[in-house]
>>> print(open('start.txt').read())   # compact mmCIF, N, CA and C atoms
# COMPACT_ATOMS: atom_id res chain seq x y z
N VAL Q 1 -3.47 -226.70 84.52
CA VAL Q 1 -4.39 -227.31 83.58
C VAL Q 1 -4.63 -226.33 82.44
N ARG Q 2 -4.47 -226.77 81.23
CA ARG Q 2 -4.78 -225.97 80.04
C ARG Q 2 -6.02 -226.57 79.42
N LYS Q 3 -7.13 -225.86 79.56
CA LYS Q 3 -8.40 -226.36 79.07
C LYS Q 3 -9.37 -225.19 79.02
N ASP Q 4 -10.46 -225.35 78.27
CA ASP Q 4 -11.49 -224.31 78.30
C ASP Q 4 -11.88 -224.09 79.75
N VAL Q 5 -11.71 -222.87 80.22
CA VAL Q 5 -11.87 -222.58 81.65
C VAL Q 5 -13.29 -222.85 82.14
N PHE Q 6 -14.28 -222.51 81.35
CA PHE Q 6 -15.66 -222.72 81.80
C PHE Q 6 -15.98 -224.21 81.91
N SER Q 7 -15.55 -225.00 80.94
CA SER Q 7 -15.76 -226.45 81.00
C SER Q 7 -15.04 -227.06 82.19
N PHE Q 8 -13.77 -226.67 82.36
CA PHE Q 8 -12.99 -227.21 83.47
C PHE Q 8 -13.63 -226.90 84.82
N LEU Q 9 -14.02 -225.65 85.03
CA LEU Q 9 -14.59 -225.27 86.32
C LEU Q 9 -15.90 -226.00 86.58
N LYS Q 10 -16.75 -226.12 85.58
CA LYS Q 10 -18.02 -226.83 85.77
C LYS Q 10 -17.77 -228.31 86.09
N GLU Q 11 -16.78 -228.92 85.44
CA GLU Q 11 -16.44 -230.31 85.74
C GLU Q 11 -15.91 -230.46 87.16
N GLU Q 12 -15.09 -229.54 87.61
CA GLU Q 12 -14.54 -229.61 88.96
C GLU Q 12 -15.64 -229.43 90.01
N ILE Q 13 -16.60 -228.57 89.74
CA ILE Q 13 -17.72 -228.38 90.66
C ILE Q 13 -18.51 -229.67 90.77
N ILE Q 14 -18.79 -230.30 89.64
CA ILE Q 14 -19.54 -231.57 89.64
C ILE Q 14 -18.77 -232.64 90.41
N ARG Q 15 -17.46 -232.69 90.24
CA ARG Q 15 -16.63 -233.68 90.94
C ARG Q 15 -16.49 -233.37 92.44
N GLY Q 16 -16.79 -232.14 92.82
CA GLY Q 16 -16.64 -231.75 94.21
C GLY Q 16 -15.20 -231.44 94.60
N ASN Q 17 -14.36 -231.19 93.62
CA ASN Q 17 -12.96 -230.88 93.90
C ASN Q 17 -12.82 -229.46 94.43
N LYS Q 18 -11.91 -229.31 95.39
CA LYS Q 18 -11.63 -228.01 96.01
C LYS Q 18 -10.12 -227.80 96.00
N TYR Q 19 -9.72 -226.53 95.96
CA TYR Q 19 -8.31 -226.18 95.87
C TYR Q 19 -7.96 -225.11 96.89
N ASP Q 20 -6.71 -225.17 97.37
CA ASP Q 20 -6.20 -224.15 98.28
C ASP Q 20 -5.71 -222.91 97.53
N ILE Q 21 -5.16 -223.12 96.34
CA ILE Q 21 -4.62 -222.03 95.53
C ILE Q 21 -5.13 -222.18 94.10
N ILE Q 22 -5.68 -221.10 93.58
CA ILE Q 22 -6.18 -221.09 92.21
C ILE Q 22 -5.59 -219.88 91.49
N VAL Q 23 -5.03 -220.11 90.31
CA VAL Q 23 -4.56 -219.03 89.46
C VAL Q 23 -5.43 -219.04 88.21
N SER Q 24 -6.16 -217.98 88.00
CA SER Q 24 -7.03 -217.86 86.84
C SER Q 24 -6.41 -216.85 85.88
N ASP Q 25 -5.97 -217.34 84.73
CA ASP Q 25 -5.30 -216.49 83.74
C ASP Q 25 -5.81 -216.84 82.35
N PRO Q 26 -7.09 -216.50 82.09
CA PRO Q 26 -7.65 -216.84 80.77
C PRO Q 26 -7.07 -215.95 79.67
N PRO Q 27 -7.22 -216.38 78.42
CA PRO Q 27 -6.83 -215.50 77.31
C PRO Q 27 -7.69 -214.24 77.32
N PRO Q 28 -7.30 -213.22 76.60
CA PRO Q 28 -8.10 -211.98 76.61
C PRO Q 28 -9.53 -212.23 76.13
N PHE Q 29 -10.47 -211.64 76.84
CA PHE Q 29 -11.88 -211.75 76.45
C PHE Q 29 -12.24 -210.74 75.37
N SER Q 30 -11.38 -209.76 75.17
CA SER Q 30 -11.63 -208.75 74.15
C SER Q 30 -10.31 -208.12 73.76
N LYS Q 31 -10.19 -207.79 72.50
CA LYS Q 31 -8.99 -207.11 72.02
C LYS Q 31 -9.26 -205.62 71.78
N ASN Q 32 -10.51 -205.19 72.01
CA ASN Q 32 -10.83 -203.78 71.83
C ASN Q 32 -11.86 -203.34 72.87
N LYS Q 33 -11.98 -202.03 73.03
CA LYS Q 33 -12.84 -201.48 74.08
C LYS Q 33 -14.33 -201.61 73.79
N LYS Q 34 -14.71 -201.84 72.54
CA LYS Q 34 -16.13 -201.94 72.25
C LYS Q 34 -16.77 -203.19 72.86
N ASN Q 35 -15.96 -204.21 73.16
CA ASN Q 35 -16.47 -205.43 73.77
C ASN Q 35 -16.16 -205.49 75.27
N LYS Q 36 -15.88 -204.34 75.87
CA LYS Q 36 -15.47 -204.28 77.27
C LYS Q 36 -16.53 -204.88 78.22
N THR Q 37 -17.79 -204.55 78.01
CA THR Q 37 -18.84 -205.07 78.89
C THR Q 37 -18.90 -206.59 78.81
N LYS Q 38 -18.79 -207.13 77.62
CA LYS Q 38 -18.79 -208.59 77.45
C LYS Q 38 -17.60 -209.21 78.18
N ALA Q 39 -16.45 -208.58 78.07
CA ALA Q 39 -15.25 -209.08 78.75
C ALA Q 39 -15.43 -209.06 80.27
N LEU Q 40 -15.94 -207.96 80.80
CA LEU Q 40 -16.16 -207.87 82.25
C LEU Q 40 -17.15 -208.93 82.71
N ASN Q 41 -18.18 -209.17 81.94
CA ASN Q 41 -19.14 -210.23 82.28
C ASN Q 41 -18.48 -211.60 82.28
N GLY Q 42 -17.54 -211.81 81.35
CA GLY Q 42 -16.80 -213.08 81.32
C GLY Q 42 -15.97 -213.29 82.57
N TYR Q 43 -15.29 -212.24 83.03
CA TYR Q 43 -14.52 -212.36 84.27
C TYR Q 43 -15.43 -212.62 85.46
N THR Q 44 -16.56 -211.94 85.53
CA THR Q 44 -17.50 -212.18 86.64
C THR Q 44 -17.98 -213.62 86.63
N LYS Q 45 -18.29 -214.14 85.46
CA LYS Q 45 -18.76 -215.53 85.33
C LYS Q 45 -17.70 -216.51 85.82
N ILE Q 46 -16.45 -216.30 85.41
CA ILE Q 46 -15.36 -217.18 85.87
C ILE Q 46 -15.21 -217.07 87.38
N ASN Q 47 -15.21 -215.85 87.90
CA ASN Q 47 -14.98 -215.66 89.33
C ASN Q 47 -16.04 -216.34 90.17
N LYS Q 48 -17.29 -216.30 89.73
CA LYS Q 48 -18.35 -217.00 90.47
C LYS Q 48 -18.07 -218.50 90.54
N LEU Q 49 -17.61 -219.06 89.44
CA LEU Q 49 -17.29 -220.49 89.42
C LEU Q 49 -16.09 -220.80 90.32
N LEU Q 50 -15.10 -219.90 90.35
CA LEU Q 50 -13.92 -220.13 91.18
C LEU Q 50 -14.28 -220.24 92.66
N PHE Q 51 -15.24 -219.43 93.09
CA PHE Q 51 -15.63 -219.48 94.50
C PHE Q 51 -16.28 -220.81 94.88
N ASP Q 52 -16.73 -221.56 93.88
CA ASP Q 52 -17.31 -222.88 94.14
C ASP Q 52 -16.25 -223.97 94.31
N ILE Q 53 -15.00 -223.68 93.94
CA ILE Q 53 -13.97 -224.72 94.04
C ILE Q 53 -12.80 -224.34 94.94
N VAL Q 54 -12.87 -223.19 95.58
CA VAL Q 54 -11.78 -222.79 96.48
C VAL Q 54 -12.11 -223.23 97.91
N ASN Q 55 -11.09 -223.67 98.62
CA ASN Q 55 -11.26 -224.02 100.03
C ASN Q 55 -11.34 -222.78 100.89
N ASP Q 56 -11.94 -222.92 102.06
CA ASP Q 56 -11.94 -221.84 103.04
C ASP Q 56 -10.50 -221.48 103.37
N LYS Q 57 -10.21 -220.20 103.43
CA LYS Q 57 -8.87 -219.65 103.67
C LYS Q 57 -7.94 -219.91 102.49
N GLY Q 58 -8.52 -220.22 101.32
CA GLY Q 58 -7.73 -220.43 100.12
C GLY Q 58 -7.37 -219.11 99.45
N PHE Q 59 -6.61 -219.22 98.39
CA PHE Q 59 -6.14 -218.05 97.66
C PHE Q 59 -6.55 -218.15 96.19
N ILE Q 60 -6.95 -217.01 95.65
CA ILE Q 60 -7.27 -216.93 94.23
C ILE Q 60 -6.51 -215.75 93.63
N ALA Q 61 -5.74 -216.04 92.60
CA ALA Q 61 -5.07 -215.00 91.82
C ALA Q 61 -5.84 -214.84 90.53
N ILE Q 62 -6.29 -213.63 90.27
CA ILE Q 62 -7.05 -213.32 89.07
C ILE Q 62 -6.15 -212.51 88.16
N ALA Q 63 -5.84 -213.05 86.99
CA ALA Q 63 -4.99 -212.33 86.03
C ALA Q 63 -5.81 -211.95 84.81
N SER Q 64 -5.41 -210.87 84.18
CA SER Q 64 -6.10 -210.41 82.98
C SER Q 64 -5.10 -209.80 82.01
N CYS Q 65 -5.25 -210.20 80.76
CA CYS Q 65 -4.48 -209.55 79.69
C CYS Q 65 -5.44 -208.90 78.70
N THR Q 66 -6.65 -208.61 79.17
CA THR Q 66 -7.63 -207.94 78.33
C THR Q 66 -7.35 -206.44 78.34
N ASN Q 67 -7.06 -205.91 77.19
CA ASN Q 67 -6.77 -204.49 77.06
C ASN Q 67 -8.03 -203.68 77.34
N GLY Q 68 -7.88 -202.57 78.03
CA GLY Q 68 -9.03 -201.70 78.31
C GLY Q 68 -9.71 -201.96 79.62
N ILE Q 69 -9.31 -203.01 80.33
CA ILE Q 69 -9.86 -203.29 81.66
C ILE Q 69 -8.76 -202.98 82.67
N ASP Q 70 -9.07 -202.11 83.63
CA ASP Q 70 -8.06 -201.75 84.62
C ASP Q 70 -8.22 -202.56 85.91
N HIS Q 71 -7.31 -202.34 86.84
CA HIS Q 71 -7.34 -203.08 88.10
C HIS Q 71 -8.66 -202.88 88.84
N TYR Q 72 -9.13 -201.67 88.86
CA TYR Q 72 -10.38 -201.37 89.57
C TYR Q 72 -11.54 -202.14 88.98
N GLU Q 73 -11.65 -202.17 87.66
CA GLU Q 73 -12.74 -202.89 87.01
C GLU Q 73 -12.60 -204.40 87.21
N LEU Q 74 -11.38 -204.91 87.13
CA LEU Q 74 -11.16 -206.33 87.37
C LEU Q 74 -11.55 -206.69 88.80
N ASN Q 75 -11.15 -205.85 89.75
CA ASN Q 75 -11.53 -206.06 91.14
C ASN Q 75 -13.05 -206.06 91.31
N ASN Q 76 -13.74 -205.19 90.60
CA ASN Q 76 -15.20 -205.16 90.70
C ASN Q 76 -15.82 -206.48 90.26
N THR Q 77 -15.23 -207.14 89.26
CA THR Q 77 -15.77 -208.44 88.85
C THR Q 77 -15.63 -209.47 89.96
N VAL Q 78 -14.53 -209.39 90.70
CA VAL Q 78 -14.32 -210.31 91.83
C VAL Q 78 -15.27 -209.95 92.97
N GLN Q 79 -15.39 -208.66 93.27
CA GLN Q 79 -16.28 -208.20 94.33
C GLN Q 79 -17.73 -208.62 94.05
N ASN Q 80 -18.18 -208.43 92.81
CA ASN Q 80 -19.55 -208.79 92.46
C ASN Q 80 -19.79 -210.29 92.61
N ALA Q 81 -18.83 -211.08 92.16
CA ALA Q 81 -18.95 -212.54 92.29
C ALA Q 81 -18.94 -212.95 93.76
N ALA Q 82 -18.07 -212.35 94.56
CA ALA Q 82 -17.99 -212.68 95.98
C ALA Q 82 -19.28 -212.33 96.70
N LYS Q 83 -19.84 -211.20 96.36
CA LYS Q 83 -21.10 -210.78 96.99
C LYS Q 83 -22.21 -211.77 96.66
N GLU Q 84 -22.29 -212.16 95.40
CA GLU Q 84 -23.33 -213.11 94.99
C GLU Q 84 -23.14 -214.47 95.66
N LYS Q 85 -21.89 -214.91 95.80
CA LYS Q 85 -21.60 -216.21 96.40
C LYS Q 85 -21.52 -216.17 97.92
N LYS Q 86 -21.64 -214.97 98.48
CA LYS Q 86 -21.60 -214.77 99.94
C LYS Q 86 -20.30 -215.29 100.56
N VAL Q 87 -19.20 -214.85 99.96
CA VAL Q 87 -17.88 -215.16 100.51
C VAL Q 87 -17.18 -213.85 100.84
N LYS Q 88 -16.28 -213.91 101.78
CA LYS Q 88 -15.47 -212.74 102.11
C LYS Q 88 -14.14 -212.87 101.40
N ILE Q 89 -13.69 -211.77 100.83
CA ILE Q 89 -12.40 -211.76 100.16
C ILE Q 89 -11.55 -210.62 100.71
N PHE Q 90 -10.25 -210.86 100.70
CA PHE Q 90 -9.29 -209.88 101.18
C PHE Q 90 -8.21 -209.73 100.14
N LEU Q 91 -8.08 -208.54 99.60
CA LEU Q 91 -7.08 -208.26 98.58
C LEU Q 91 -5.70 -208.21 99.24
N LEU Q 92 -4.80 -209.09 98.80
CA LEU Q 92 -3.48 -209.19 99.39
C LEU Q 92 -2.37 -208.57 98.54
N ASP Q 93 -2.55 -208.61 97.22
CA ASP Q 93 -1.48 -208.12 96.36
C ASP Q 93 -2.07 -207.67 95.02
N ILE Q 94 -1.40 -206.71 94.43
CA ILE Q 94 -1.77 -206.16 93.12
C ILE Q 94 -0.51 -206.19 92.27
N GLY Q 95 -0.63 -206.66 91.03
CA GLY Q 95 0.55 -206.73 90.19
C GLY Q 95 0.30 -206.23 88.78
N ILE Q 96 1.40 -205.88 88.13
CA ILE Q 96 1.35 -205.47 86.73
C ILE Q 96 2.39 -206.27 85.96
N GLN Q 97 2.41 -206.03 84.67
CA GLN Q 97 3.31 -206.75 83.80
C GLN Q 97 4.77 -206.48 84.16
N SER Q 98 5.61 -207.43 83.81
CA SER Q 98 7.03 -207.35 84.14
C SER Q 98 7.77 -206.45 83.15
N PRO Q 99 9.03 -206.13 83.44
CA PRO Q 99 9.81 -205.22 82.59
C PRO Q 99 9.98 -205.69 81.14
N ASP Q 100 9.74 -206.97 80.86
CA ASP Q 100 9.86 -207.42 79.48
C ASP Q 100 8.65 -207.00 78.63
N HIS Q 101 7.66 -206.34 79.27
CA HIS Q 101 6.50 -205.76 78.58
C HIS Q 101 6.40 -204.28 78.96
N PRO Q 102 7.36 -203.45 78.52
CA PRO Q 102 7.35 -202.04 78.92
C PRO Q 102 6.15 -201.29 78.32
N PHE Q 103 5.75 -200.24 79.01
CA PHE Q 103 4.65 -199.39 78.53
C PHE Q 103 4.97 -197.95 78.85
N SER Q 104 4.37 -197.04 78.09
CA SER Q 104 4.71 -195.63 78.25
C SER Q 104 3.86 -194.90 79.28
N SER Q 105 2.63 -195.36 79.51
CA SER Q 105 1.79 -194.76 80.54
C SER Q 105 0.68 -195.75 80.90
N PHE Q 106 -0.02 -195.45 81.98
CA PHE Q 106 -1.11 -196.33 82.40
C PHE Q 106 -2.28 -196.30 81.42
N HIS Q 107 -2.30 -195.34 80.52
CA HIS Q 107 -3.38 -195.24 79.54
C HIS Q 107 -2.98 -195.79 78.17
N SER Q 108 -1.75 -196.26 78.04
CA SER Q 108 -1.30 -196.77 76.74
C SER Q 108 -1.83 -198.18 76.50
N GLN Q 109 -1.94 -198.55 75.23
CA GLN Q 109 -2.38 -199.91 74.90
C GLN Q 109 -1.37 -200.94 75.33
N GLY Q 110 -0.13 -200.52 75.56
CA GLY Q 110 0.91 -201.44 76.01
C GLY Q 110 0.77 -201.88 77.45
N PHE Q 111 -0.09 -201.19 78.21
CA PHE Q 111 -0.33 -201.55 79.61
C PHE Q 111 -1.62 -202.36 79.69
N TYR Q 112 -1.47 -203.67 79.75
CA TYR Q 112 -2.66 -204.52 79.71
C TYR Q 112 -2.59 -205.74 80.62
N ILE Q 113 -1.43 -206.10 81.11
CA ILE Q 113 -1.31 -207.30 81.95
C ILE Q 113 -1.40 -206.89 83.42
N LYS Q 114 -2.29 -207.56 84.14
CA LYS Q 114 -2.49 -207.23 85.55
C LYS Q 114 -2.94 -208.46 86.31
N TYR Q 115 -2.76 -208.43 87.65
CA TYR Q 115 -3.30 -209.50 88.47
C TYR Q 115 -3.66 -208.96 89.85
N LEU Q 116 -4.56 -209.70 90.51
CA LEU Q 116 -5.01 -209.40 91.86
C LEU Q 116 -4.99 -210.71 92.64
N LEU Q 117 -4.46 -210.67 93.85
CA LEU Q 117 -4.41 -211.86 94.70
C LEU Q 117 -5.31 -211.67 95.90
N TYR Q 118 -6.19 -212.64 96.15
CA TYR Q 118 -7.15 -212.59 97.25
C TYR Q 118 -7.03 -213.81 98.15
N ARG Q 119 -7.32 -213.59 99.43
CA ARG Q 119 -7.58 -214.70 100.37
C ARG Q 119 -9.09 -214.77 100.47
N VAL Q 120 -9.62 -215.98 100.47
CA VAL Q 120 -11.06 -216.19 100.47
C VAL Q 120 -11.49 -216.86 101.77
N GLU Q 121 -12.51 -216.29 102.38
CA GLU Q 121 -13.13 -216.93 103.53
C GLU Q 121 -14.56 -217.25 103.16
N LEU Q 122 -14.88 -218.52 103.19
CA LEU Q 122 -16.24 -218.92 102.88
C LEU Q 122 -17.14 -218.40 103.97
N ASP Q 123 -18.20 -217.74 103.58
CA ASP Q 123 -19.07 -217.05 104.52
C ASP Q 123 -20.38 -217.81 104.66
N ILE Q 124 -20.34 -218.84 105.46
CA ILE Q 124 -21.49 -219.71 105.63
C ILE Q 124 -22.70 -218.95 106.19
N ASP Q 125 -22.47 -217.97 107.04
CA ASP Q 125 -23.56 -217.26 107.69
C ASP Q 125 -24.16 -216.13 106.85
N GLY Q 126 -23.61 -215.88 105.66
CA GLY Q 126 -24.17 -214.85 104.79
C GLY Q 126 -23.90 -213.43 105.25
N GLY Q 127 -22.76 -213.20 105.89
CA GLY Q 127 -22.41 -211.85 106.35
C GLY Q 127 -22.08 -210.93 105.20
N THR Q 128 -21.62 -209.75 105.52
CA THR Q 128 -21.34 -208.76 104.49
C THR Q 128 -19.89 -208.85 104.04
N ASN Q 129 -19.63 -208.39 102.86
CA ASN Q 129 -18.29 -208.33 102.31
C ASN Q 129 -17.86 -206.87 102.37
N ASP Q 130 -16.90 -206.54 103.22
CA ASP Q 130 -16.50 -205.15 103.40
C ASP Q 130 -15.10 -204.87 102.86
N SER Q 131 -14.66 -205.63 101.86
CA SER Q 131 -13.29 -205.49 101.38
C SER Q 131 -13.15 -204.69 100.10
N ARG Q 132 -14.10 -203.83 99.79
CA ARG Q 132 -14.03 -203.02 98.57
C ARG Q 132 -12.84 -202.07 98.62
N ILE Q 133 -12.21 -201.90 97.47
CA ILE Q 133 -11.12 -200.91 97.38
C ILE Q 133 -11.60 -199.74 96.56
>>> encode(input="start.txt", output="structure tokens")
Amino acid sequence: VRKDVFSFLKEEIIRGNKYDIIVSDPPPFSKNKKNKTKALNGYTKINKLLFDIVNDKGFIAIASCTNGIDHYELNNTVQNAAKEKKVKIFLLDIGIQSPDHPFSSFHSQGFYIKYLLYRVELDIDGGTNDSRI
């Protein structure tokens, strides 16, 4: 589906639709580091909505092409959303951009495409989330 992600997710929640596999790959939330906090808040907002439409034992792939946000920070947006929604998540895979987007170092502006794959367990009992990396 190609649509404004926030509108789409809110519509799916209202419809009660649930998915086994979700790939979230929004456009960059920021093109520079001065808007980094705003970008991280945007990812957290999306991730909270995703947990409302994923099935138990479902999978969510979170992709980011926002420059200046690393894997650890992206993971924190997922962790924060999972904690608030009281779901358990398990990080299954970590990825970076393919060879057609070469970069010179992990600190270069050319290194910006990343993804994280999680398995989600809906935590009806409100237990703890111990999957921090």
>>> axis_aligned_box(input="start.txt", around="region 40-48 of chain Q", padding_each_side="3 Å", output="JSON")
{"center_x": -16.8, "center_y": -213.2, "center_z": 85.7, "size_x": 10.6, "size_y": 16.6, "size_z": 15.7}
>>> atom_distance(input="start.txt", atom1="CA of Leu92 (chain Q)", atom2="CA of Leu49 (chain Q)")
20.4 Å
>>> closest_residue(input="start.txt", among="Q:Asn47, Q:Asn35, Q:Ser30, Q:Ser24", to="Thr77 (chain Q)", atoms="only N, CA and C atoms")
Q:Asn47
>>> select_by_dssp(input="start.txt", residues="chain Q", states="strand (DSSP E)", output="mmCIF file with N, CA and C atoms, keeping the file's coordinate frame")
data_model
loop_
_atom_site.group_PDB
_atom_site.id
_atom_site.type_symbol
_atom_site.label_atom_id
_atom_site.label_comp_id
_atom_site.auth_asym_id
_atom_site.auth_seq_id
_atom_site.Cartn_x
_atom_site.Cartn_y
_atom_site.Cartn_z
ATOM 1 N N TYR Q 19 -9.720 -226.530 95.960
ATOM 2 C CA TYR Q 19 -8.310 -226.180 95.870
ATOM 3 C C TYR Q 19 -7.960 -225.110 96.890
ATOM 4 N N ASP Q 20 -6.710 -225.170 97.370
ATOM 5 C CA ASP Q 20 -6.200 -224.150 98.280
ATOM 6 C C ASP Q 20 -5.710 -222.910 97.530
ATOM 7 N N ILE Q 21 -5.160 -223.120 96.340
ATOM 8 C CA ILE Q 21 -4.620 -222.030 95.530
ATOM 9 C C ILE Q 21 -5.130 -222.180 94.100
ATOM 10 N N ILE Q 22 -5.680 -221.100 93.580
ATOM 11 C CA ILE Q 22 -6.180 -221.090 92.210
ATOM 12 C C ILE Q 22 -5.590 -219.880 91.490
ATOM 13 N N VAL Q 23 -5.030 -220.110 90.310
ATOM 14 C CA VAL Q 23 -4.560 -219.030 89.460
ATOM 15 C C VAL Q 23 -5.430 -219.040 88.210
ATOM 16 N N SER Q 24 -6.160 -217.980 88.000
ATOM 17 C CA SER Q 24 -7.030 -217.860 86.840
ATOM 18 C C SER Q 24 -6.410 -216.850 85.880
ATOM 19 N N VAL Q 54 -12.870 -223.190 95.580
ATOM 20 C CA VAL Q 54 -11.780 -222.790 96.480
ATOM 21 C C VAL Q 54 -12.110 -223.230 97.910
ATOM 22 N N ASN Q 55 -11.090 -223.670 98.620
ATOM 23 C CA ASN Q 55 -11.260 -224.020 100.030
ATOM 24 C C ASN Q 55 -11.340 -222.780 100.890
ATOM 25 N N ASP Q 56 -11.940 -222.920 102.060
ATOM 26 C CA ASP Q 56 -11.940 -221.840 103.040
ATOM 27 C C ASP Q 56 -10.500 -221.480 103.370
ATOM 28 N N LYS Q 57 -10.210 -220.200 103.430
ATOM 29 C CA LYS Q 57 -8.870 -219.650 103.670
ATOM 30 C C LYS Q 57 -7.940 -219.910 102.490
ATOM 31 N N GLY Q 58 -8.520 -220.220 101.320
ATOM 32 C CA GLY Q 58 -7.730 -220.430 100.120
ATOM 33 C C GLY Q 58 -7.370 -219.110 99.450
ATOM 34 N N PHE Q 59 -6.610 -219.220 98.390
ATOM 35 C CA PHE Q 59 -6.140 -218.050 97.660
ATOM 36 C C PHE Q 59 -6.550 -218.150 96.190
ATOM 37 N N ILE Q 60 -6.950 -217.010 95.650
ATOM 38 C CA ILE Q 60 -7.270 -216.930 94.230
ATOM 39 C C ILE Q 60 -6.510 -215.750 93.630
ATOM 40 N N ALA Q 61 -5.740 -216.040 92.600
ATOM 41 C CA ALA Q 61 -5.070 -215.000 91.820
ATOM 42 C C ALA Q 61 -5.840 -214.840 90.530
ATOM 43 N N ILE Q 62 -6.290 -213.630 90.270
ATOM 44 C CA ILE Q 62 -7.050 -213.320 89.070
ATOM 45 C C ILE Q 62 -6.150 -212.510 88.160
ATOM 46 N N ALA Q 63 -5.840 -213.050 86.990
ATOM 47 C CA ALA Q 63 -4.990 -212.330 86.030
ATOM 48 C C ALA Q 63 -5.810 -211.950 84.810
ATOM 49 N N SER Q 64 -5.410 -210.870 84.180
ATOM 50 C CA SER Q 64 -6.100 -210.410 82.980
ATOM 51 C C SER Q 64 -5.100 -209.800 82.010
ATOM 52 N N VAL Q 87 -19.200 -214.850 99.960
ATOM 53 C CA VAL Q 87 -17.880 -215.160 100.510
ATOM 54 C C VAL Q 87 -17.180 -213.850 100.840
ATOM 55 N N LYS Q 88 -16.280 -213.910 101.780
ATOM 56 C CA LYS Q 88 -15.470 -212.740 102.110
ATOM 57 C C LYS Q 88 -14.140 -212.870 101.400
ATOM 58 N N ILE Q 89 -13.690 -211.770 100.830
ATOM 59 C CA ILE Q 89 -12.400 -211.760 100.160
ATOM 60 C C ILE Q 89 -11.550 -210.620 100.710
ATOM 61 N N PHE Q 90 -10.250 -210.860 100.700
ATOM 62 C CA PHE Q 90 -9.290 -209.880 101.180
ATOM 63 C C PHE Q 90 -8.210 -209.730 100.140
ATOM 64 N N LEU Q 91 -8.080 -208.540 99.600
ATOM 65 C CA LEU Q 91 -7.080 -208.260 98.580
ATOM 66 C C LEU Q 91 -5.700 -208.210 99.240
ATOM 67 N N LEU Q 92 -4.800 -209.090 98.800
ATOM 68 C CA LEU Q 92 -3.480 -209.190 99.390
ATOM 69 C C LEU Q 92 -2.370 -208.570 98.540
ATOM 70 N N ASP Q 93 -2.550 -208.610 97.220
ATOM 71 C CA ASP Q 93 -1.480 -208.120 96.360
ATOM 72 C C ASP Q 93 -2.070 -207.670 95.020
ATOM 73 N N ILE Q 94 -1.400 -206.710 94.430
ATOM 74 C CA ILE Q 94 -1.770 -206.160 93.120
ATOM 75 C C ILE Q 94 -0.510 -206.190 92.270
ATOM 76 N N GLY Q 95 -0.630 -206.660 91.030
ATOM 77 C CA GLY Q 95 0.550 -206.730 90.190
ATOM 78 C C GLY Q 95 0.300 -206.230 88.780
ATOM 79 N N ILE Q 96 1.400 -205.880 88.130
ATOM 80 C CA ILE Q 96 1.350 -205.470 86.730
ATOM 81 C C ILE Q 96 2.390 -206.270 85.960
ATOM 82 N N LYS Q 114 -2.290 -207.560 84.140
ATOM 83 C CA LYS Q 114 -2.490 -207.230 85.550
ATOM 84 C C LYS Q 114 -2.940 -208.460 86.310
ATOM 85 N N TYR Q 115 -2.760 -208.430 87.650
ATOM 86 C CA TYR Q 115 -3.300 -209.500 88.470
ATOM 87 C C TYR Q 115 -3.660 -208.960 89.850
ATOM 88 N N LEU Q 116 -4.560 -209.700 90.510
ATOM 89 C CA LEU Q 116 -5.010 -209.400 91.860
ATOM 90 C C LEU Q 116 -4.990 -210.710 92.640
ATOM 91 N N LEU Q 117 -4.460 -210.670 93.850
ATOM 92 C CA LEU Q 117 -4.410 -211.860 94.700
ATOM 93 C C LEU Q 117 -5.310 -211.670 95.900
ATOM 94 N N TYR Q 118 -6.190 -212.640 96.150
ATOM 95 C CA TYR Q 118 -7.150 -212.590 97.250
ATOM 96 C C TYR Q 118 -7.030 -213.810 98.150
ATOM 97 N N ARG Q 119 -7.320 -213.590 99.430
ATOM 98 C CA ARG Q 119 -7.580 -214.700 100.370
ATOM 99 C C ARG Q 119 -9.090 -214.770 100.470
ATOM 100 N N VAL Q 120 -9.620 -215.980 100.470
ATOM 101 C CA VAL Q 120 -11.060 -216.190 100.470
ATOM 102 C C VAL Q 120 -11.490 -216.860 101.770
ATOM 103 N N GLU Q 121 -12.510 -216.290 102.380
ATOM 104 C CA GLU Q 121 -13.130 -216.930 103.530
ATOM 105 C C GLU Q 121 -14.560 -217.250 103.160
ATOM 106 N N LEU Q 122 -14.880 -218.520 103.190
ATOM 107 C CA LEU Q 122 -16.240 -218.920 102.880
ATOM 108 C C LEU Q 122 -17.140 -218.400 103.970
#
>>> residues_near_point(input="start.txt", point="(4.2, -204.6, 78.2)", cutoff="8 Å", atoms="all atoms listed in the file", output="list of chain:residue names")
Q:Gln97, Q:Ser98, Q:Pro99, Q:Asp100, Q:His101, Q:Pro102, Q:Phe103, Q:Ser104, Q:Gln109, Q:Gly110, Q:Phe111, Q:Tyr112, Q:Ile113
>>> atom_distance(input="start.txt", atom1="atom N of Ile94 (chain Q)", atom2="atom N of Tyr115 (chain Q)")
7.1 Å
>>> closest_residue(input="start.txt", among="Q:Tyr118, Q:Phe8, Q:Phe106, Q:Tyr19", to="Ile53 (chain Q)", atoms="all atoms listed in the file")
Q:Tyr19
>>> residues_around(input="start.txt", residues="Asp25 (chain Q)", least_positions_apart="6", cutoff="6 Å", atoms="only N, CA and C atoms", output="PDB file with N, CA and C atoms, keeping the file's coordinate frame")
ATOM      1  N   ILE Q  62      -6.290-213.630  90.270  1.00  0.00           N
ATOM      2  CA  ILE Q  62      -7.050-213.320  89.070  1.00  0.00           C
ATOM      3  C   ILE Q  62      -6.150-212.510  88.160  1.00  0.00           C
ATOM      4  N   ALA Q  63      -5.840-213.050  86.990  1.00  0.00           N
ATOM      5  CA  ALA Q  63      -4.990-212.330  86.030  1.00  0.00           C
ATOM      6  C   ALA Q  63      -5.810-211.950  84.810  1.00  0.00           C
ATOM      7  N   SER Q  64      -5.410-210.870  84.180  1.00  0.00           N
ATOM      8  CA  SER Q  64      -6.100-210.410  82.980  1.00  0.00           C
ATOM      9  C   SER Q  64      -5.100-209.800  82.010  1.00  0.00           C
TER      10      SER Q  64
END
